[in-house]
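J.: This is the structure I have questions about; it appears just below.
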Amino acid sequence: MTPLDLYREPADLPAESKTASDDTSVQSSTPSDANLGERRSSVNLDRCPSGVRVPVPAISSHLIEGFGPDPLDPYGDRPGDMVGANDPKSLRDKVRALCPPVPGIYGMFDRHGELIYVGKSRSLRHRLMSYFGEAAAKEKGGRIIEHSRAIQWETQPSDFAARLRELQLIRRWTPRFNVQGVPHRQRPIYLCLGRKPAETFFLAGSPPTNDCVAIEGPFYGAERMRSVVDALNKTFQLRDCSQQTVFQFQEQLSLFDLNPRPGCLRLEIGTCLGPCAAACSREDYLQRVNSAQSFLDGFNDEPLIAVRDLMESASTNRQYELASRARDTLKSLEYAARKLSHLADARRDFSFIYAATGYDACSIWYLIRSGEIIDVAAAPKDRDQYQRLRPTLKKWQSLLGTRHQRVRVDQPHSVAVVASWFRKHRSELKQTFAPEGAGRRYHRLSHHRAEVL
């Protein structure tokens, strides 16, 4: 029997639990369980600072240490803990007794050991206690607690680090309460340009990991963003057909003299270059893809001009239904353009090292290049640590020297967090500096630390 079985109803206990050993997890016995395991999490509480062993959710398919690795944490595993109970009152008492009032992220687990919700807070204890209040009983928080049998948390050195970790975990585990029950207009969605061999605009619930020229977001409002995608593909004459379509460009040789037919009317009416019918060359199509990418970068307002002209022309010709549709599309495009403008500002202005101060002396230096976090390092605490960091700082200086060249990074979604963070916390820009100024920054911090001691 696993620890979480203590909180399950008798009818929910699996047959194999009667003979299973008292361990914190059960490894997968069949390959088909692998995908299910990607939505679950466990923690080895023997490594927790408190040293107290408390019940943890059982893993039936895939063992994960804590919430999984954090590529943006140079210190390694963060302190964490987990509490479990079979009723909200007992769960609340354990949270009050063990959870610290520091920045971090938390996860809620149901009685089957599935991670159902991930959140973050500047004060873990206060945020988690709010779920048990009367005000939350009829809200989403009350529904989450009703399904929860265990709560796990992981401290973070700063609120900024907690925001990054929360987004990372939601993308990785896709807990159901992070999406279910949330109105469609409030769900995050990403605008993507990709899918070879004929790139197109499309939407994704989380940033794809490959086969994309550019990814921007998050945006909100699936219906509105579908209108944006439709307008962008038509404006830039990109295809919007299925990925199963066979594409053939003019320069491709064929053994037979065939005249492929287009799968829709868009080629005939001039809103698609027709890569399915060999109506364009790969080079011509790439030119339109490059123009589309410049729109995502905030440097091309061609779609807004085209739709605005269509709306005015339709209104002049008394085609009021067409003008109304064009007006709605224009509103959606203007929303996307405003959002892209914020991201473009971050890419243009935010290329530096950000020293995020940690409450537990675990300060982190983030290398931000064109608004995206591309590397991290633990802030040096003494001369030896600073000397070991100098080769990394030289590498960072070289990377920032080519900041106008877009590179593929592991955290493409981080630009939205960075843009939002510095827009709301302008004073944090005082904590930024160029790599060549790292020495002065370190000496200033070391003098301050000496004065405090």
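Numbering starts fresh at 1 for the residues of each chain in the structure tokens, the chains themselves are lettered A, B, ... in the order given, and ligands are numbered from 1 as they appear.
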Can you tell me which residues surround stretch 306-319 of chain A at a distance of at most 12 Å, considering only C-alpha atoms, apart from same-chain residues fewer than 4 positions away, and format the answer as JSON, numbers by chain?

T.: {"A": [227, 228, 230, 231, 232, 234, 235, 236, 271, 300, 301, 302, 323, 324, 325, 326, 327, 328, 329, 330, 331, 332, 333, 334]}

J.: Can you list, as a list in words, every protein, DNA or RNA residue that comes within 12 Å of A:Ala438 when you count only C-alpha atoms, leaving out same-chain residues fewer than 6 positions away?

T.: Phe352, Ile353, Tyr354, Ala355, Trp365, Leu367, Ala379, Pro380, Tyr386, Gln387, Leu389, Arg390, Pro391, Thr392, Leu393, Lys394, Trp396, Gln397, Gln431, Thr432, Arg444 and Leu445 of chain A

J.: What does the file look like for those residues with C-alpha atoms, as a short mmCIF file (atom, residue, chain, number, x, y, z; two decimals), in the first residue's frame?

T.:
data_model
loop_
_atom_site.label_atom_id
_atom_site.label_comp_id
_atom_site.auth_asym_id
_atom_site.auth_seq_id
_atom_site.Cartn_x
_atom_site.Cartn_y
_atom_site.Cartn_z
CA PHE A 352 21.23 42.60 -20.12
CA ILE A 353 21.93 40.63 -16.95
CA TYR A 354 19.15 40.83 -14.40
CA ALA A 355 20.23 40.29 -10.79
CA TRP A 365 21.82 36.33 -12.46
CA LEU A 367 21.09 36.56 -18.99
CA ALA A 379 25.24 35.27 -8.16
CA PRO A 380 28.84 35.13 -6.83
CA TYR A 386 33.37 35.53 -9.17
CA GLN A 387 36.64 34.35 -10.75
CA LEU A 389 32.15 32.96 -13.30
CA ARG A 390 34.34 35.22 -15.46
CA PRO A 391 34.54 32.82 -18.49
CA THR A 392 30.74 32.63 -18.45
CA LEU A 393 30.50 36.43 -18.35
CA LYS A 394 32.77 36.68 -21.40
CA TRP A 396 27.47 36.29 -22.21
CA GLN A 397 29.10 39.48 -23.48
CA GLN A 431 18.98 45.60 -10.94
CA THR A 432 20.15 45.13 -14.54
CA ARG A 444 29.22 46.69 -4.71
CA LEU A 445 27.32 43.65 -3.43
#

J.: Interatomic distance between atom CA of A:Cys276 and atom CA of A:Phe201?

T.: 16.2 Å

J.: Please identify all polymer residues within 12 Å of A:Ser294, counting only C-alpha atoms, omitting same-chain residues fewer than 2 positions from it, and present them as a PDB file with N, CA, C and O atoms, in the first residue's frame.

T.:
ATOM      1  N   LEU A 193       4.168  30.389 -36.173  1.00  0.00           N
ATOM      2  CA  LEU A 193       4.425  30.398 -37.617  1.00  0.00           C
ATOM      3  C   LEU A 193       5.388  29.254 -37.895  1.00  0.00           C
ATOM      4  O   LEU A 193       6.518  29.253 -37.418  1.00  0.00           O
ATOM      5  N   VAL A 213       9.057  28.670 -37.084  1.00  0.00           N
ATOM      6  CA  VAL A 213       9.893  29.816 -37.422  1.00  0.00           C
ATOM      7  C   VAL A 213       9.847  30.835 -36.293  1.00  0.00           C
ATOM      8  O   VAL A 213      10.853  31.436 -35.930  1.00  0.00           O
ATOM      9  N   ALA A 214       8.657  31.031 -35.726  1.00  0.00           N
ATOM     10  CA  ALA A 214       8.482  32.001 -34.648  1.00  0.00           C
ATOM     11  C   ALA A 214       7.281  31.596 -33.809  1.00  0.00           C
ATOM     12  O   ALA A 214       6.328  30.995 -34.303  1.00  0.00           O
ATOM     13  N   PHE A 236      -0.872  37.331 -45.997  1.00  0.00           N
ATOM     14  CA  PHE A 236       0.470  36.954 -46.444  1.00  0.00           C
ATOM     15  C   PHE A 236       0.450  35.815 -47.463  1.00  0.00           C
ATOM     16  O   PHE A 236       1.505  35.309 -47.851  1.00  0.00           O
ATOM     17  N   GLN A 287       9.647  34.238 -49.106  1.00  0.00           N
ATOM     18  CA  GLN A 287       9.559  35.696 -49.009  1.00  0.00           C
ATOM     19  C   GLN A 287       8.318  36.116 -48.225  1.00  0.00           C
ATOM     20  O   GLN A 287       8.364  37.033 -47.407  1.00  0.00           O
ATOM     21  N   ARG A 288       7.202  35.426 -48.474  1.00  0.00           N
ATOM     22  CA  ARG A 288       5.985  35.732 -47.742  1.00  0.00           C
ATOM     23  C   ARG A 288       6.112  35.299 -46.281  1.00  0.00           C
ATOM     24  O   ARG A 288       5.594  35.972 -45.378  1.00  0.00           O
ATOM     25  N   VAL A 289       6.805  34.190 -46.031  1.00  0.00           N
ATOM     26  CA  VAL A 289       7.036  33.736 -44.654  1.00  0.00           C
ATOM     27  C   VAL A 289       7.887  34.756 -43.899  1.00  0.00           C
ATOM     28  O   VAL A 289       7.622  35.077 -42.736  1.00  0.00           O
ATOM     29  N   ASN A 290       8.904  35.298 -44.560  1.00  0.00           N
ATOM     30  CA  ASN A 290       9.759  36.311 -43.930  1.00  0.00           C
ATOM     31  C   ASN A 290       8.965  37.580 -43.612  1.00  0.00           C
ATOM     32  O   ASN A 290       9.163  38.208 -42.563  1.00  0.00           O
ATOM     33  N   SER A 291       8.070  37.959 -44.503  1.00  0.00           N
ATOM     34  CA  SER A 291       7.222  39.121 -44.240  1.00  0.00           C
ATOM     35  C   SER A 291       6.302  38.856 -43.048  1.00  0.00           C
ATOM     36  O   SER A 291       6.067  39.749 -42.218  1.00  0.00           O
ATOM     37  N   ALA A 292       5.795  37.625 -42.986  1.00  0.00           N
ATOM     38  CA  ALA A 292       4.935  37.244 -41.857  1.00  0.00           C
ATOM     39  C   ALA A 292       5.711  37.285 -40.547  1.00  0.00           C
ATOM     40  O   ALA A 292       5.198  37.732 -39.517  1.00  0.00           O
ATOM     41  N   LEU A 296       5.276  39.430 -36.794  1.00  0.00           N
ATOM     42  CA  LEU A 296       5.388  38.916 -35.436  1.00  0.00           C
ATOM     43  C   LEU A 296       6.441  39.676 -34.643  1.00  0.00           C
ATOM     44  O   LEU A 296       6.333  39.811 -33.418  1.00  0.00           O
ATOM     45  N   ASP A 297       7.463  40.153 -35.321  1.00  0.00           N
ATOM     46  CA  ASP A 297       8.510  40.924 -34.649  1.00  0.00           C
ATOM     47  C   ASP A 297       8.101  42.368 -34.403  1.00  0.00           C
ATOM     48  O   ASP A 297       8.861  43.134 -33.803  1.00  0.00           O
ATOM     49  N   GLY A 298       6.906  42.762 -34.893  1.00  0.00           N
ATOM     50  CA  GLY A 298       6.414  44.111 -34.661  1.00  0.00           C
ATOM     51  C   GLY A 298       6.883  45.144 -35.655  1.00  0.00           C
ATOM     52  O   GLY A 298       6.790  46.345 -35.390  1.00  0.00           O
ATOM     53  N   PHE A 299       7.363  44.691 -36.824  1.00  0.00           N
ATOM     54  CA  PHE A 299       7.927  45.637 -37.793  1.00  0.00           C
ATOM     55  C   PHE A 299       7.135  45.696 -39.101  1.00  0.00           C
ATOM     56  O   PHE A 299       7.623  46.250 -40.085  1.00  0.00           O
ATOM     57  N   ASN A 300       5.924  45.149 -39.125  1.00  0.00           N
ATOM     58  CA  ASN A 300       5.177  45.087 -40.376  1.00  0.00           C
ATOM     59  C   ASN A 300       3.689  45.214 -40.067  1.00  0.00           C
ATOM     60  O   ASN A 300       3.116  44.348 -39.397  1.00  0.00           O
ATOM     61  N   ASP A 301       3.064  46.272 -40.545  1.00  0.00           N
ATOM     62  CA  ASP A 301       1.635  46.467 -40.298  1.00  0.00           C
ATOM     63  C   ASP A 301       0.802  46.193 -41.553  1.00  0.00           C
ATOM     64  O   ASP A 301      -0.322  46.686 -41.686  1.00  0.00           O
ATOM     65  N   GLU A 302       1.347  45.403 -42.474  1.00  0.00           N
ATOM     66  CA  GLU A 302       0.643  45.089 -43.720  1.00  0.00           C
ATOM     67  C   GLU A 302      -0.740  44.485 -43.489  1.00  0.00           C
ATOM     68  O   GLU A 302      -1.709  44.878 -44.163  1.00  0.00           O
ATOM     69  N   PRO A 303      -0.924  43.541 -42.554  1.00  0.00           N
ATOM     70  CA  PRO A 303      -2.265  42.967 -42.354  1.00  0.00           C
ATOM     71  C   PRO A 303      -3.291  44.007 -41.927  1.00  0.00           C
ATOM     72  O   PRO A 303      -4.434  43.991 -42.389  1.00  0.00           O
ATOM     73  N   ALA A 337      -1.603  43.078 -32.598  1.00  0.00           N
ATOM     74  CA  ALA A 337      -0.520  44.019 -32.884  1.00  0.00           C
ATOM     75  C   ALA A 337      -0.050  44.733 -31.617  1.00  0.00           C
ATOM     76  O   ALA A 337       1.147  44.960 -31.427  1.00  0.00           O
ATOM     77  N   LEU A 340       1.964  42.201 -29.679  1.00  0.00           N
ATOM     78  CA  LEU A 340       3.248  42.005 -30.343  1.00  0.00           C
ATOM     79  C   LEU A 340       4.147  43.210 -30.167  1.00  0.00           C
ATOM     80  O   LEU A 340       5.377  43.078 -30.099  1.00  0.00           O
ATOM     81  N   SER A 341       3.547  44.400 -30.076  1.00  0.00           N
ATOM     82  CA  SER A 341       4.342  45.603 -29.863  1.00  0.00           C
ATOM     83  C   SER A 341       5.036  45.575 -28.504  1.00  0.00           C
ATOM     84  O   SER A 341       6.205  45.954 -28.378  1.00  0.00           O
ATOM     85  N   ALA A 344       7.802  43.199 -28.836  1.00  0.00           N
ATOM     86  CA  ALA A 344       8.867  43.790 -29.661  1.00  0.00           C
ATOM     87  C   ALA A 344       9.685  44.788 -28.852  1.00  0.00           C
ATOM     88  O   ALA A 344      10.912  44.864 -28.986  1.00  0.00           O
ATOM     89  N   ARG A 406      18.146  36.608 -34.234  1.00  0.00           N
ATOM     90  CA  ARG A 406      17.291  35.707 -33.469  1.00  0.00           C
ATOM     91  C   ARG A 406      17.913  34.314 -33.443  1.00  0.00           C
ATOM     92  O   ARG A 406      18.348  33.797 -34.465  1.00  0.00           O
TER      93      ARG A 406
END

J.: Mind checking which residues fall within 9 Å of A:Asp73, counting only C-alpha atoms, ignoring those fewer than 3 positions away in the same chain, and posting them as JSON, numbers by chain?

T.: {"A": [69, 70, 76, 77, 78, 161, 364, 376, 377, 378]}

J.: Counting only C-alpha atoms, which residue out of A:Gln168, A:Ser121, A:Asn259, A:Asn210 sits closest to A:Leu72?

T.: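 Ranked by minimum distance to A:Leu72, first place goes to A:Gln168.
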
J.: Interatomic distance between atom CA of A:Arg122 and atom CA of A:Thr174?

T.: 22.1 Å

J.: Give me the residues near stretch 97-99 of chain A as a tab-separated table (two decimals) with N, CA and C atoms, in the first residue's frame, where near means some atom within 12 Å (using only C-alpha atoms) and where sequence neighbours in that chain fewer than 3 positions away do not count.

T.:
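Below is the file that was written, part_13.tsv:
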chain	number	residue	atom	x	y	z
A	48	CYS	N	13.78	16.60	1.91
A	48	CYS	CA	13.23	17.87	2.32
A	48	CYS	C	13.93	18.37	3.58
A	49	PRO	N	14.08	19.68	3.73
A	49	PRO	CA	14.80	20.24	4.86
A	49	PRO	C	14.18	19.88	6.21
A	50	SER	N	12.83	19.74	6.24
A	50	SER	CA	12.18	19.48	7.51
A	50	SER	C	12.51	18.11	8.06
A	51	GLY	N	12.84	17.17	7.17
A	51	GLY	CA	13.16	15.82	7.60
A	51	GLY	C	11.95	15.04	8.04
A	52	VAL	N	10.74	15.60	7.85
A	52	VAL	CA	9.52	14.93	8.27
A	52	VAL	C	8.94	14.17	7.10
A	54	VAL	N	5.97	12.71	5.25
A	54	VAL	CA	4.51	12.85	5.24
A	54	VAL	C	3.96	12.13	4.03
A	79	PRO	N	14.25	23.65	-1.75
A	79	PRO	CA	13.54	23.09	-0.60
A	79	PRO	C	12.06	22.95	-0.90
A	80	GLY	N	11.48	21.85	-0.46
A	80	GLY	CA	10.07	21.62	-0.70
A	80	GLY	C	9.51	20.67	0.32
A	81	ASP	N	8.21	20.52	0.32
A	81	ASP	CA	7.55	19.63	1.27
A	81	ASP	C	6.18	19.28	0.71
A	82	MET	N	5.55	18.30	1.33
A	82	MET	CA	4.22	17.89	0.91
A	82	MET	C	3.42	17.45	2.12
A	83	VAL	N	2.15	17.82	2.14
A	83	VAL	CA	1.24	17.39	3.20
A	83	VAL	C	0.03	16.74	2.56
A	84	GLY	N	-0.55	15.79	3.27
A	84	GLY	CA	-1.72	15.10	2.76
A	84	GLY	C	-2.74	14.86	3.86
A	90	SER	N	-8.09	19.14	7.98
A	90	SER	CA	-6.79	18.58	8.35
A	90	SER	C	-5.71	19.07	7.41
A	91	LEU	N	-6.05	19.20	6.13
A	91	LEU	CA	-5.09	19.70	5.15
A	91	LEU	C	-4.70	21.14	5.48
A	92	ARG	N	-5.68	21.95	5.86
A	92	ARG	CA	-5.40	23.34	6.22
A	92	ARG	C	-4.48	23.43	7.44
A	93	ASP	N	-4.74	22.60	8.45
A	93	ASP	CA	-3.91	22.64	9.66
A	93	ASP	C	-2.46	22.28	9.35
A	94	LYS	N	-2.24	21.33	8.45
A	94	LYS	CA	-0.88	20.94	8.11
A	94	LYS	C	-0.18	22.03	7.29
A	102	VAL	N	7.13	32.37	2.15
A	102	VAL	CA	8.19	32.81	1.23
A	102	VAL	C	7.72	32.59	-0.21
A	103	PRO	N	8.40	33.17	-1.20
A	103	PRO	CA	8.00	32.95	-2.60
A	103	PRO	C	8.15	31.48	-3.00
A	104	GLY	N	7.29	31.06	-3.90
A	104	GLY	CA	7.40	29.68	-4.38
A	104	GLY	C	6.23	29.28	-5.25
A	105	ILE	N	6.22	28.02	-5.61
A	105	ILE	CA	5.13	27.45	-6.40
A	105	ILE	C	4.54	26.27	-5.62
A	106	TYR	N	3.32	25.92	-5.95
A	106	TYR	CA	2.65	24.82	-5.26
A	106	TYR	C	1.84	24.00	-6.25
A	123	SER	N	4.03	34.63	-1.19
A	123	SER	CA	3.98	34.06	0.16
A	123	SER	C	3.17	32.78	0.10
A	124	LEU	N	3.86	31.65	0.07
A	124	LEU	CA	3.19	30.37	-0.10
A	124	LEU	C	2.12	30.12	0.97
A	125	ARG	N	2.48	30.35	2.24
A	125	ARG	CA	1.53	30.04	3.31
A	125	ARG	C	0.24	30.85	3.17
A	126	HIS	N	0.37	32.16	2.93
A	126	HIS	CA	-0.82	33.01	2.83
A	126	HIS	C	-1.67	32.63	1.62
A	127	ARG	N	-1.02	32.29	0.51
A	127	ARG	CA	-1.79	31.92	-0.68
A	127	ARG	C	-2.52	30.62	-0.47
A	128	LEU	N	-1.85	29.61	0.09
A	128	LEU	CA	-2.50	28.32	0.28
A	128	LEU	C	-3.61	28.41	1.33
A	129	MET	N	-3.41	29.21	2.38
A	129	MET	CA	-4.46	29.34	3.38
A	129	MET	C	-5.70	30.01	2.81
A	151	ILE	N	-0.99	18.51	-0.96
A	151	ILE	CA	-0.44	19.76	-1.50
A	151	ILE	C	1.07	19.71	-1.38
A	152	GLN	N	1.73	19.97	-2.46
A	152	GLN	CA	3.19	20.01	-2.48
A	152	GLN	C	3.63	21.42	-2.84
A	153	TRP	N	4.69	21.88	-2.21
A	153	TRP	CA	5.22	23.20	-2.56
A	153	TRP	C	6.73	23.15	-2.73
A	154	GLU	N	7.21	24.14	-3.43
A	154	GLU	CA	8.64	24.26	-3.71
A	154	GLU	C	8.98	25.74	-3.58
A	155	THR	N	9.87	26.09	-2.67
A	155	THR	CA	10.23	27.49	-2.50
A	155	THR	C	11.05	27.96	-3.68

J.: Out of stretch 159-364 of chain A, which residues get alpha helix (DSSP H) from DSSP, as a PyMOL selection string?

T.: chain A and resi 159-173+222-235+266-269+282-296+302-316+320-349

J.: Just the number, please: distance in Å from atom CA of A:Leu304 to atom CA of A:Lys339, one decimal.

T.: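 One can read the atom CA of A:Leu304 to atom CA of A:Lys339 distance as 14.0 Å.
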
J.: Which is closer to A:Phe247 than all the others in A:Pro218, A:Pro74, A:Pro197, A:Gly263, using only C-alpha atoms?

T.: A:Pro197

J.: How would you write, as a VMD selection string, the set of residues in stretch 70-182 of chain A that DSSP gives as strand (DSSP E)?

T.: chain A and resid 80 to 84 104 to 109 115 to 121 150 to 155

J.: Extract, using only C-alpha atoms, all DNA, RNA and protein residues at most 12 Å from A:Phe202, discarding same-chain residues fewer than 5 positions from it, and format them as a PyMOL selection string.

T.: chain A and resi 189-195+207-208+212-216+222+225-233+238-243

J.: Write to file, as a short mmCIF file (atom, residue, chain, number, x, y, z; two decimals), in the first residue's frame, the residues of the selection just made, with N, CA, C and O atoms.

T.:
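Output contents, as saved in part09.cif:
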data_model
loop_
_atom_site.label_atom_id
_atom_site.label_comp_id
_atom_site.auth_asym_id
_atom_site.auth_seq_id
_atom_site.Cartn_x
_atom_site.Cartn_y
_atom_site.Cartn_z
N ILE A 189 -3.05 31.24 -25.19
CA ILE A 189 -2.88 30.56 -26.47
C ILE A 189 -1.73 31.24 -27.20
O ILE A 189 -1.48 32.44 -27.02
N TYR A 190 -1.00 30.48 -27.99
CA TYR A 190 0.21 31.00 -28.64
C TYR A 190 0.02 31.06 -30.15
O TYR A 190 -0.57 30.15 -30.75
N LEU A 191 0.50 32.15 -30.72
CA LEU A 191 0.46 32.35 -32.17
C LEU A 191 1.77 31.86 -32.76
O LEU A 191 2.84 32.35 -32.39
N CYS A 192 1.69 30.88 -33.64
CA CYS A 192 2.88 30.21 -34.16
C CYS A 192 2.95 30.35 -35.68
O CYS A 192 1.92 30.38 -36.36
N LEU A 193 4.17 30.39 -36.17
CA LEU A 193 4.42 30.40 -37.62
C LEU A 193 5.39 29.25 -37.89
O LEU A 193 6.52 29.25 -37.42
N GLY A 194 4.91 28.26 -38.66
CA GLY A 194 5.77 27.11 -38.91
C GLY A 194 5.04 26.00 -39.63
O GLY A 194 4.07 26.25 -40.35
N ARG A 195 5.53 24.76 -39.45
CA ARG A 195 5.03 23.55 -40.09
C ARG A 195 5.49 23.47 -41.54
O ARG A 195 4.78 23.86 -42.47
N PRO A 207 3.63 26.48 -26.30
CA PRO A 207 4.60 26.67 -27.39
C PRO A 207 5.15 25.35 -27.91
O PRO A 207 5.65 24.54 -27.13
N PRO A 208 5.03 25.07 -29.21
CA PRO A 208 5.62 23.84 -29.77
C PRO A 208 7.13 23.82 -29.57
O PRO A 208 7.78 24.87 -29.48
N CYS A 212 9.06 25.34 -35.90
CA CYS A 212 8.45 26.67 -35.88
C CYS A 212 9.48 27.72 -36.25
O CYS A 212 10.62 27.69 -35.77
N VAL A 213 9.06 28.67 -37.08
CA VAL A 213 9.89 29.82 -37.42
C VAL A 213 9.85 30.84 -36.29
O VAL A 213 10.85 31.44 -35.93
N ALA A 214 8.66 31.03 -35.73
CA ALA A 214 8.48 32.00 -34.65
C ALA A 214 7.28 31.60 -33.81
O ALA A 214 6.33 31.00 -34.30
N ILE A 215 7.36 31.94 -32.51
CA ILE A 215 6.28 31.69 -31.56
C ILE A 215 6.10 32.94 -30.73
O ILE A 215 7.06 33.48 -30.19
N GLU A 216 4.87 33.42 -30.62
CA GLU A 216 4.60 34.61 -29.82
C GLU A 216 3.40 34.36 -28.92
O GLU A 216 2.49 33.61 -29.25
N ALA A 222 -9.57 32.37 -27.68
CA ALA A 222 -9.35 31.46 -28.81
C ALA A 222 -10.11 31.91 -30.05
O ALA A 222 -9.58 31.86 -31.15
N MET A 225 -8.45 34.88 -31.63
CA MET A 225 -7.17 34.54 -32.24
C MET A 225 -7.36 33.70 -33.51
O MET A 225 -6.53 33.75 -34.42
N ARG A 226 -8.43 32.94 -33.57
CA ARG A 226 -8.71 32.21 -34.83
C ARG A 226 -8.98 33.19 -35.96
O ARG A 226 -8.59 32.96 -37.11
N SER A 227 -9.66 34.28 -35.64
CA SER A 227 -9.89 35.32 -36.63
C SER A 227 -8.58 35.96 -37.06
O SER A 227 -8.38 36.26 -38.25
N VAL A 228 -7.66 36.14 -36.10
CA VAL A 228 -6.34 36.70 -36.42
C VAL A 228 -5.57 35.78 -37.35
O VAL A 228 -5.00 36.22 -38.36
N VAL A 229 -5.57 34.49 -37.05
CA VAL A 229 -4.85 33.52 -37.88
C VAL A 229 -5.40 33.50 -39.30
O VAL A 229 -4.64 33.47 -40.28
N ASP A 230 -6.71 33.53 -39.42
CA ASP A 230 -7.34 33.51 -40.75
C ASP A 230 -6.93 34.76 -41.54
O ASP A 230 -6.58 34.67 -42.73
N ALA A 231 -6.95 35.91 -40.88
CA ALA A 231 -6.59 37.16 -41.57
C ALA A 231 -5.11 37.17 -41.96
O ALA A 231 -4.75 37.62 -43.05
N LEU A 232 -4.25 36.67 -41.09
CA LEU A 232 -2.81 36.67 -41.38
C LEU A 232 -2.48 35.74 -42.54
O LEU A 232 -1.69 36.10 -43.43
N ASN A 233 -3.05 34.56 -42.55
CA ASN A 233 -2.76 33.62 -43.65
C ASN A 233 -3.24 34.17 -44.98
O ASN A 233 -2.57 34.01 -46.01
N LEU A 238 -0.43 32.70 -47.28
CA LEU A 238 0.07 31.42 -46.79
C LEU A 238 -1.06 30.41 -46.75
O LEU A 238 -2.22 30.77 -46.54
N ARG A 239 -0.73 29.17 -46.90
CA ARG A 239 -1.76 28.12 -46.94
C ARG A 239 -2.35 27.94 -45.53
O ARG A 239 -1.70 28.22 -44.51
N ASP A 240 -3.57 27.42 -45.46
CA ASP A 240 -4.19 27.09 -44.18
C ASP A 240 -4.79 25.69 -44.20
O ASP A 240 -5.65 25.37 -43.39
N CYS A 241 -4.34 24.87 -45.13
CA CYS A 241 -4.87 23.52 -45.28
C CYS A 241 -4.18 22.56 -44.31
O CYS A 241 -3.26 22.91 -43.59
N SER A 242 -4.63 21.31 -44.35
CA SER A 242 -4.12 20.29 -43.45
C SER A 242 -2.65 19.99 -43.70
O SER A 242 -2.15 20.13 -44.82
N GLN A 243 -1.98 19.55 -42.64
CA GLN A 243 -0.58 19.15 -42.77
C GLN A 243 -0.44 17.88 -43.60
O GLN A 243 0.66 17.56 -44.06
#

J.: Mind checking which residues fall within 10 Å of A:Asp87, counting only C-alpha atoms, ignoring those fewer than 6 positions away in the same chain, and posting them as a list in words?

T.: Tyr7, Ile145, Glu146, His147, Ser148, Arg149 and Ala150 of chain A

J.: Of the candidates A:Arg348, A:Tyr75, A:Gln237, A:Ser130, which shows the shortest atom-to-atom distance to A:Ala361, using only C-alpha atoms?

T.: A:Tyr75
